[in-house]
>>> print(open('input.pdb').read())   # PDB, C-alpha atoms
ATOM      1  CA  MET C   1       0.000   0.000   0.000  1.00  0.00           C
ATOM      2  CA  ALA C   2       1.155   3.518  -0.801  1.00  0.00           C
ATOM      3  CA  LYS C   3       1.521   5.945   2.050  1.00  0.00           C
ATOM      4  CA  GLY C   4      -0.949   8.800   2.427  1.00  0.00           C
ATOM      5  CA  HIS C   5      -4.471   9.392   1.258  1.00  0.00           C
ATOM      6  CA  ARG C   6      -5.448   8.878  -2.388  1.00  0.00           C
ATOM      7  CA  SER C   7      -5.906  12.620  -2.980  1.00  0.00           C
ATOM      8  CA  GLN C   8      -2.484  13.337  -1.461  1.00  0.00           C
ATOM      9  CA  ILE C   9      -0.845  10.775  -3.755  1.00  0.00           C
ATOM     10  CA  LYS C  10      -2.564  12.328  -6.784  1.00  0.00           C
ATOM     11  CA  ARG C  11      -1.524  15.824  -5.701  1.00  0.00           C
ATOM     12  CA  GLU C  12       2.133  14.767  -5.420  1.00  0.00           C
ATOM     13  CA  ARG C  13       2.033  12.985  -8.779  1.00  0.00           C
ATOM     14  CA  ASN C  14       0.481  15.989 -10.538  1.00  0.00           C
ATOM     15  CA  ALA C  15       2.885  18.455  -8.906  1.00  0.00           C
ATOM     16  CA  VAL C  16       5.808  17.062 -10.934  1.00  0.00           C
ATOM     17  CA  LYS C  17       5.300  18.605 -14.401  1.00  0.00           C
ATOM     18  CA  ASP C  18       7.234  17.435 -17.446  1.00  0.00           C
ATOM     19  CA  THR C  19       8.556  20.563 -19.172  1.00  0.00           C
ATOM     20  CA  ARG C  20       9.767  18.764 -22.290  1.00  0.00           C
ATOM     21  CA  PRO C  21       7.953  19.712 -25.514  1.00  0.00           C
ATOM     22  CA  SER C  22       5.506  17.105 -26.757  1.00  0.00           C
ATOM     23  CA  ALA C  23       2.598  16.469 -29.092  1.00  0.00           C
ATOM     24  CA  LYS C  24      -0.229  13.963 -28.842  1.00  0.00           C
ATOM     25  CA  LEU C  25      -2.555  12.581 -31.477  1.00  0.00           C
ATOM     26  CA  SER C  26      -5.713  11.099 -29.986  1.00  0.00           C
ATOM     27  CA  TYR C  27      -8.040   8.649 -31.723  1.00  0.00           C
ATOM     28  CA  ALA C  28      -5.722   7.921 -34.662  1.00  0.00           C
ATOM     29  CA  ARG C  29      -7.367   5.345 -36.946  1.00  0.00           C
ATOM     30  CA  VAL C  30      -4.408   2.969 -36.872  1.00  0.00           C
ATOM     31  CA  SER C  31      -3.795   0.057 -34.526  1.00  0.00           C
ATOM     32  CA  VAL C  32      -1.168   0.302 -31.796  1.00  0.00           C
ATOM     33  CA  GLN C  33       0.843  -2.538 -33.314  1.00  0.00           C
ATOM     34  CA  LYS C  34       1.072  -0.831 -36.720  1.00  0.00           C
ATOM     35  CA  ALA C  35       1.896   2.545 -35.175  1.00  0.00           C
ATOM     36  CA  CYS C  36       4.680   1.004 -33.074  1.00  0.00           C
ATOM     37  CA  PHE C  37       6.475  -0.272 -36.202  1.00  0.00           C
ATOM     38  CA  VAL C  38       6.934   3.341 -37.273  1.00  0.00           C
ATOM     39  CA  LEU C  39       7.680   4.687 -33.784  1.00  0.00           C
ATOM     40  CA  ASP C  40      10.388   2.062 -33.196  1.00  0.00           C
ATOM     41  CA  ALA C  41      12.189   3.275 -36.326  1.00  0.00           C
ATOM     42  CA  ILE C  42      12.527   6.870 -35.057  1.00  0.00           C
ATOM     43  CA  ARG C  43      12.934   6.447 -31.281  1.00  0.00           C
ATOM     44  CA  GLY C  44      16.117   8.136 -30.009  1.00  0.00           C
ATOM     45  CA  LYS C  45      16.991   9.753 -33.364  1.00  0.00           C
ATOM     46  CA  ASP C  46      17.458  13.480 -33.935  1.00  0.00           C
ATOM     47  CA  VAL C  47      14.473  15.193 -35.530  1.00  0.00           C
ATOM     48  CA  GLN C  48      16.022  15.777 -38.980  1.00  0.00           C
ATOM     49  CA  THR C  49      16.910  12.083 -39.335  1.00  0.00           C
ATOM     50  CA  ALA C  50      13.464  11.071 -38.067  1.00  0.00           C
ATOM     51  CA  LEU C  51      11.710  13.341 -40.583  1.00  0.00           C
ATOM     52  CA  GLY C  52      13.788  11.763 -43.376  1.00  0.00           C
ATOM     53  CA  ILE C  53      12.868   8.256 -42.216  1.00  0.00           C
ATOM     54  CA  LEU C  54       9.165   9.139 -42.018  1.00  0.00           C
ATOM     55  CA  GLU C  55       9.186  10.823 -45.437  1.00  0.00           C
ATOM     56  CA  TYR C  56      10.198   7.618 -47.234  1.00  0.00           C
ATOM     57  CA  ASN C  57       8.488   5.045 -45.018  1.00  0.00           C
ATOM     58  CA  PRO C  58       5.646   3.424 -47.026  1.00  0.00           C
ATOM     59  CA  ARG C  59       3.418   2.698 -44.006  1.00  0.00           C
ATOM     60  CA  TYR C  60       0.198   4.684 -43.477  1.00  0.00           C
ATOM     61  CA  ALA C  61       1.101   5.448 -39.851  1.00  0.00           C
ATOM     62  CA  SER C  62       4.281   7.247 -40.948  1.00  0.00           C
ATOM     63  CA  SER C  63       2.254  10.106 -42.460  1.00  0.00           C
ATOM     64  CA  LEU C  64       0.409  10.553 -39.154  1.00  0.00           C
ATOM     65  CA  VAL C  65       3.605  10.398 -37.095  1.00  0.00           C
ATOM     66  CA  LYS C  66       5.390  12.831 -39.450  1.00  0.00           C
ATOM     67  CA  LYS C  67       2.671  15.424 -38.980  1.00  0.00           C
ATOM     68  CA  LEU C  68       2.742  14.845 -35.222  1.00  0.00           C
ATOM     69  CA  LEU C  69       6.536  15.213 -35.101  1.00  0.00           C
ATOM     70  CA  GLU C  70       6.365  18.505 -37.016  1.00  0.00           C
ATOM     71  CA  SER C  71       3.818  19.713 -34.456  1.00  0.00           C
ATOM     72  CA  ALA C  72       6.109  18.724 -31.570  1.00  0.00           C
ATOM     73  CA  ILE C  73       9.026  20.585 -33.207  1.00  0.00           C
ATOM     74  CA  ALA C  74       6.847  23.705 -33.589  1.00  0.00           C
ATOM     75  CA  ASN C  75       5.824  23.414 -29.924  1.00  0.00           C
ATOM     76  CA  ALA C  76       9.474  23.218 -28.887  1.00  0.00           C
ATOM     77  CA  GLU C  77      10.424  26.308 -30.898  1.00  0.00           C
ATOM     78  CA  ASN C  78       7.418  28.493 -30.008  1.00  0.00           C
ATOM     79  CA  ASN C  79       6.588  27.478 -26.440  1.00  0.00           C
ATOM     80  CA  ASN C  80       9.995  26.462 -25.056  1.00  0.00           C
ATOM     81  CA  GLY C  81      12.347  28.567 -27.237  1.00  0.00           C
ATOM     82  CA  MET C  82      14.455  25.553 -28.214  1.00  0.00           C
ATOM     83  CA  ASN C  83      16.597  25.241 -31.334  1.00  0.00           C
ATOM     84  CA  ALA C  84      15.303  22.659 -33.845  1.00  0.00           C
ATOM     85  CA  GLU C  85      18.827  21.405 -34.693  1.00  0.00           C
ATOM     86  CA  ASN C  86      19.474  20.264 -31.103  1.00  0.00           C
ATOM     87  CA  LEU C  87      16.233  18.317 -30.653  1.00  0.00           C
ATOM     88  CA  TYR C  88      15.917  14.538 -30.519  1.00  0.00           C
ATOM     89  CA  ILE C  89      13.052  12.147 -29.840  1.00  0.00           C
ATOM     90  CA  ALA C  90      13.264  11.283 -26.145  1.00  0.00           C
ATOM     91  CA  GLU C  91      10.047   9.248 -25.988  1.00  0.00           C
ATOM     92  CA  CYS C  92       7.472   8.057 -28.478  1.00  0.00           C
ATOM     93  CA  TYR C  93       4.739   5.579 -27.766  1.00  0.00           C
ATOM     94  CA  ALA C  94       1.247   4.518 -28.808  1.00  0.00           C
ATOM     95  CA  ASN C  95      -1.477   3.666 -26.325  1.00  0.00           C
ATOM     96  CA  LYS C  96      -4.650   1.731 -27.040  1.00  0.00           C
ATOM     97  CA  GLY C  97      -7.732   3.773 -27.866  1.00  0.00           C
ATOM     98  CA  PRO C  98     -11.358   2.735 -28.260  1.00  0.00           C
ATOM     99  CA  THR C  99     -12.338   0.062 -30.763  1.00  0.00           C
ATOM    100  CA  MET C 100     -15.150   0.494 -33.276  1.00  0.00           C
ATOM    101  CA  LYS C 101     -17.118  -2.724 -33.672  1.00  0.00           C
ATOM    102  CA  ARG C 102     -18.546  -3.512 -37.090  1.00  0.00           C
ATOM    103  CA  VAL C 103     -20.362  -6.553 -38.488  1.00  0.00           C
ATOM    104  CA  LYS C 104     -19.503  -8.304 -41.739  1.00  0.00           C
ATOM    105  CA  PRO C 105     -22.077 -10.692 -43.209  1.00  0.00           C
ATOM    106  CA  ARG C 106     -20.796 -14.192 -43.969  1.00  0.00           C
ATOM    107  CA  ALA C 107     -22.162 -17.359 -45.536  1.00  0.00           C
ATOM    108  CA  GLN C 108     -25.336 -19.076 -44.316  1.00  0.00           C
ATOM    109  CA  GLY C 109     -26.652 -16.069 -42.404  1.00  0.00           C
ATOM    110  CA  ARG C 110     -23.713 -15.763 -40.053  1.00  0.00           C
ATOM    111  CA  ALA C 111     -22.085 -12.476 -39.037  1.00  0.00           C
ATOM    112  CA  TYR C 112     -18.421 -11.905 -38.216  1.00  0.00           C
ATOM    113  CA  ARG C 113     -17.255  -9.034 -36.059  1.00  0.00           C
ATOM    114  CA  ILE C 114     -14.679  -6.610 -37.444  1.00  0.00           C
ATOM    115  CA  GLU C 115     -12.778  -4.502 -34.922  1.00  0.00           C
ATOM    116  CA  LYS C 116     -11.460  -1.178 -36.194  1.00  0.00           C
ATOM    117  CA  ARG C 117      -8.832  -0.229 -33.659  1.00  0.00           C
ATOM    118  CA  MET C 118      -7.673   3.243 -32.671  1.00  0.00           C
ATOM    119  CA  SER C 119      -4.621   4.509 -30.824  1.00  0.00           C
ATOM    120  CA  HIS C 120      -3.323   7.558 -28.989  1.00  0.00           C
ATOM    121  CA  ILE C 121       0.179   8.441 -30.259  1.00  0.00           C
ATOM    122  CA  THR C 122       2.543  10.621 -28.173  1.00  0.00           C
ATOM    123  CA  ILE C 123       5.931  12.098 -29.074  1.00  0.00           C
ATOM    124  CA  VAL C 124       8.174  13.785 -26.471  1.00  0.00           C
ATOM    125  CA  LEU C 125      11.257  15.743 -27.582  1.00  0.00           C
ATOM    126  CA  ASP C 126      14.327  16.849 -25.645  1.00  0.00           C
ATOM    127  CA  GLU C 127      17.437  18.920 -26.296  1.00  0.00           C
ATOM    128  CA  ARG C 128      20.925  17.455 -26.658  1.00  0.00           C
TER
END
>>> encode(input="input.pdb", output="structure tokens")
Amino acid sequence: MAKGHRSQIKRERNAVKDTRPSAKLSYARVSVQKACFVLDAIRGKDVQTALGILEYNPRYASSLVKKLLESAIANAENNNGMNAENLYIAECYANKGPTMKRVKPRAQGRAYRIEKRMSHITIVLDER
């Protein structure tokens, strides 16, 4: 058991703010597994290299992540006053979002369920 009351624990957890620039894309229509293939390719790289990788990656998720990365770079320059040449991708991850359930008709009156998965993609930058 953690020490203190639940509200005290939450207060302490929320008091520590992460000042690194970041961008988040919620409800992206791509599964977590497919998004992670792209995110694994750019994790830890500097932003110019990552943009080059995303530009020529044929996967659909790479276009979403590229746009998200450009947003994170803009946040770093405008909100934190950082230089774009010194930035690198400190963290990038995809969390599971809600799933849309659809029905596909099959033979002999049966119905199969199709699950259209969504994800929440986050990119956190830092300066070298």
>>> atom_distance(input="input.pdb", atom1="atom CA of C:Leu69", atom2="atom CA of C:Glu115")
27.6 Å
>>> closest_residue(input="input.pdb", among="C:Met100, C:Ala111, C:Ile121, C:Leu87", to="C:Thr49", atoms="only C-alpha atoms")
C:Leu87
>>> closest_residue(input="input.pdb", among="C:Pro21, C:Asn57, C:Val124, C:Arg113", to="C:Cys92", atoms="all atoms listed in the file")
C:Val124
>>> residues_around(input="input.pdb", residues="C:Lys116", least_positions_apart="5", cutoff="10 Å", atoms="all atoms listed in the file", output="list of chain:residue names")
C:Arg29, C:Val30, C:Ser31, C:Pro98, C:Thr99, C:Met100, C:Lys101, C:Arg102
>>> residues_around(input="input.pdb", residues="stretch 76-82 of chain C", least_positions_apart="3", cutoff="8 Å", atoms="all atoms listed in the file", output="ChimeraX atom specification")
/C:20-22,72-73,86-87,125,127
>>> closest_residue(input="input.pdb", among="C:Ala23, C:Ala15, C:Val32, C:Leu64", to="C:Arg117", atoms="all atoms listed in the file")
C:Val32
>>> residues_near_point(input="input.pdb", point="(7.4, 4.2, -39.2)", cutoff="6 Å", atoms="all atoms listed in the file", output="ChimeraX atom specification")
/C:37-39,41,54,57,62
>>> atom_distance(input="input.pdb", atom1="atom CA of C:Ser119", atom2="atom CA of C:Val65")
11.9 Å
>>> atom_distance(input="input.pdb", atom1="atom CA of C:Cys36", atom2="atom CA of C:Ile123")
11.9 Å
>>> closest_residue(input="input.pdb", among="C:Ala90, C:Glu85, C:Ala35, C:Asp46", to="C:Met118", atoms="all atoms listed in the file")
C:Ala35
>>> closest_residue(input="input.pdb", among="C:Ile114, C:Asp126, C:Asn75, C:Pro105", to="C:Lys24", atoms="all atoms listed in the file")
C:Asn75
>>> axis_aligned_box(input="input.pdb", around="stretch 36-47 of chain C", padding_each_side="5 Å", output="AutoDock Vina command-line options")
--center_x 11.1 --center_y 7.5 --center_z -33.6 --size_x 22.8 --size_y 25.5 --size_z 17.3
>>> closest_residue(input="input.pdb", among="C:Gly52, C:Gly44, C:Gly97, C:Pro58", to="C:Leu25", atoms="all atoms listed in the file")
C:Gly97
>>> build_atoms(input="input.pdb", residues="stretch 95-117 of chain C", atoms="N, CA and C atoms", output="compact mmCIF listing (two decimals), in the coordinates of the input")
# COMPACT_ATOMS: atom_id res chain seq x y z
N ASN C 95 -0.59 4.33 -27.27
CA ASN C 95 -1.48 3.67 -26.32
C ASN C 95 -2.77 3.27 -27.01
N LYS C 96 -3.43 2.26 -26.45
CA LYS C 96 -4.65 1.73 -27.04
C LYS C 96 -5.79 2.71 -26.85
N GLY C 97 -6.54 2.94 -27.92
CA GLY C 97 -7.73 3.77 -27.87
C GLY C 97 -8.98 2.91 -27.94
N PRO C 98 -10.13 3.52 -28.14
CA PRO C 98 -11.36 2.74 -28.26
C PRO C 98 -11.40 1.94 -29.56
N THR C 99 -12.21 0.91 -29.59
CA THR C 99 -12.34 0.06 -30.76
C THR C 99 -13.75 0.19 -31.32
N MET C 100 -13.84 0.47 -32.62
CA MET C 100 -15.15 0.49 -33.28
C MET C 100 -15.50 -0.93 -33.68
N LYS C 101 -16.69 -1.38 -33.32
CA LYS C 101 -17.12 -2.72 -33.67
C LYS C 101 -18.05 -2.67 -34.88
N ARG C 102 -17.73 -3.45 -35.88
CA ARG C 102 -18.55 -3.51 -37.09
C ARG C 102 -18.89 -4.98 -37.37
N VAL C 103 -19.92 -5.19 -38.18
CA VAL C 103 -20.36 -6.55 -38.49
C VAL C 103 -20.23 -6.79 -39.98
N LYS C 104 -19.64 -7.92 -40.34
CA LYS C 104 -19.50 -8.30 -41.74
C LYS C 104 -20.34 -9.55 -41.98
N PRO C 105 -21.27 -9.50 -42.94
CA PRO C 105 -22.08 -10.69 -43.21
C PRO C 105 -21.23 -11.80 -43.85
N ARG C 106 -21.51 -13.04 -43.43
CA ARG C 106 -20.80 -14.19 -43.97
C ARG C 106 -21.81 -15.21 -44.49
N ALA C 107 -21.31 -16.34 -44.92
CA ALA C 107 -22.16 -17.36 -45.54
C ALA C 107 -23.16 -17.94 -44.54
N GLN C 108 -24.30 -18.38 -45.06
CA GLN C 108 -25.34 -19.08 -44.32
C GLN C 108 -25.89 -18.23 -43.16
N GLY C 109 -26.01 -16.94 -43.38
CA GLY C 109 -26.65 -16.07 -42.40
C GLY C 109 -25.82 -15.73 -41.18
N ARG C 110 -24.57 -16.08 -41.20
CA ARG C 110 -23.71 -15.76 -40.05
C ARG C 110 -23.21 -14.32 -40.17
N ALA C 111 -22.67 -13.82 -39.06
CA ALA C 111 -22.08 -12.48 -39.04
C ALA C 111 -20.77 -12.54 -38.28
N TYR C 112 -19.72 -11.98 -38.88
CA TYR C 112 -18.42 -11.90 -38.22
C TYR C 112 -18.19 -10.48 -37.75
N ARG C 113 -17.56 -10.36 -36.59
CA ARG C 113 -17.26 -9.03 -36.06
C ARG C 113 -15.92 -8.53 -36.61
N ILE C 114 -15.91 -7.28 -37.03
CA ILE C 114 -14.68 -6.61 -37.44
C ILE C 114 -14.38 -5.53 -36.41
N GLU C 115 -13.17 -5.50 -35.91
CA GLU C 115 -12.78 -4.50 -34.92
C GLU C 115 -11.84 -3.50 -35.57
N LYS C 116 -12.28 -2.26 -35.63
CA LYS C 116 -11.46 -1.18 -36.19
C LYS C 116 -10.82 -0.46 -35.02
N ARG C 117 -9.53 -0.69 -34.85
CA ARG C 117 -8.83 -0.23 -33.66
C ARG C 117 -8.31 1.20 -33.83
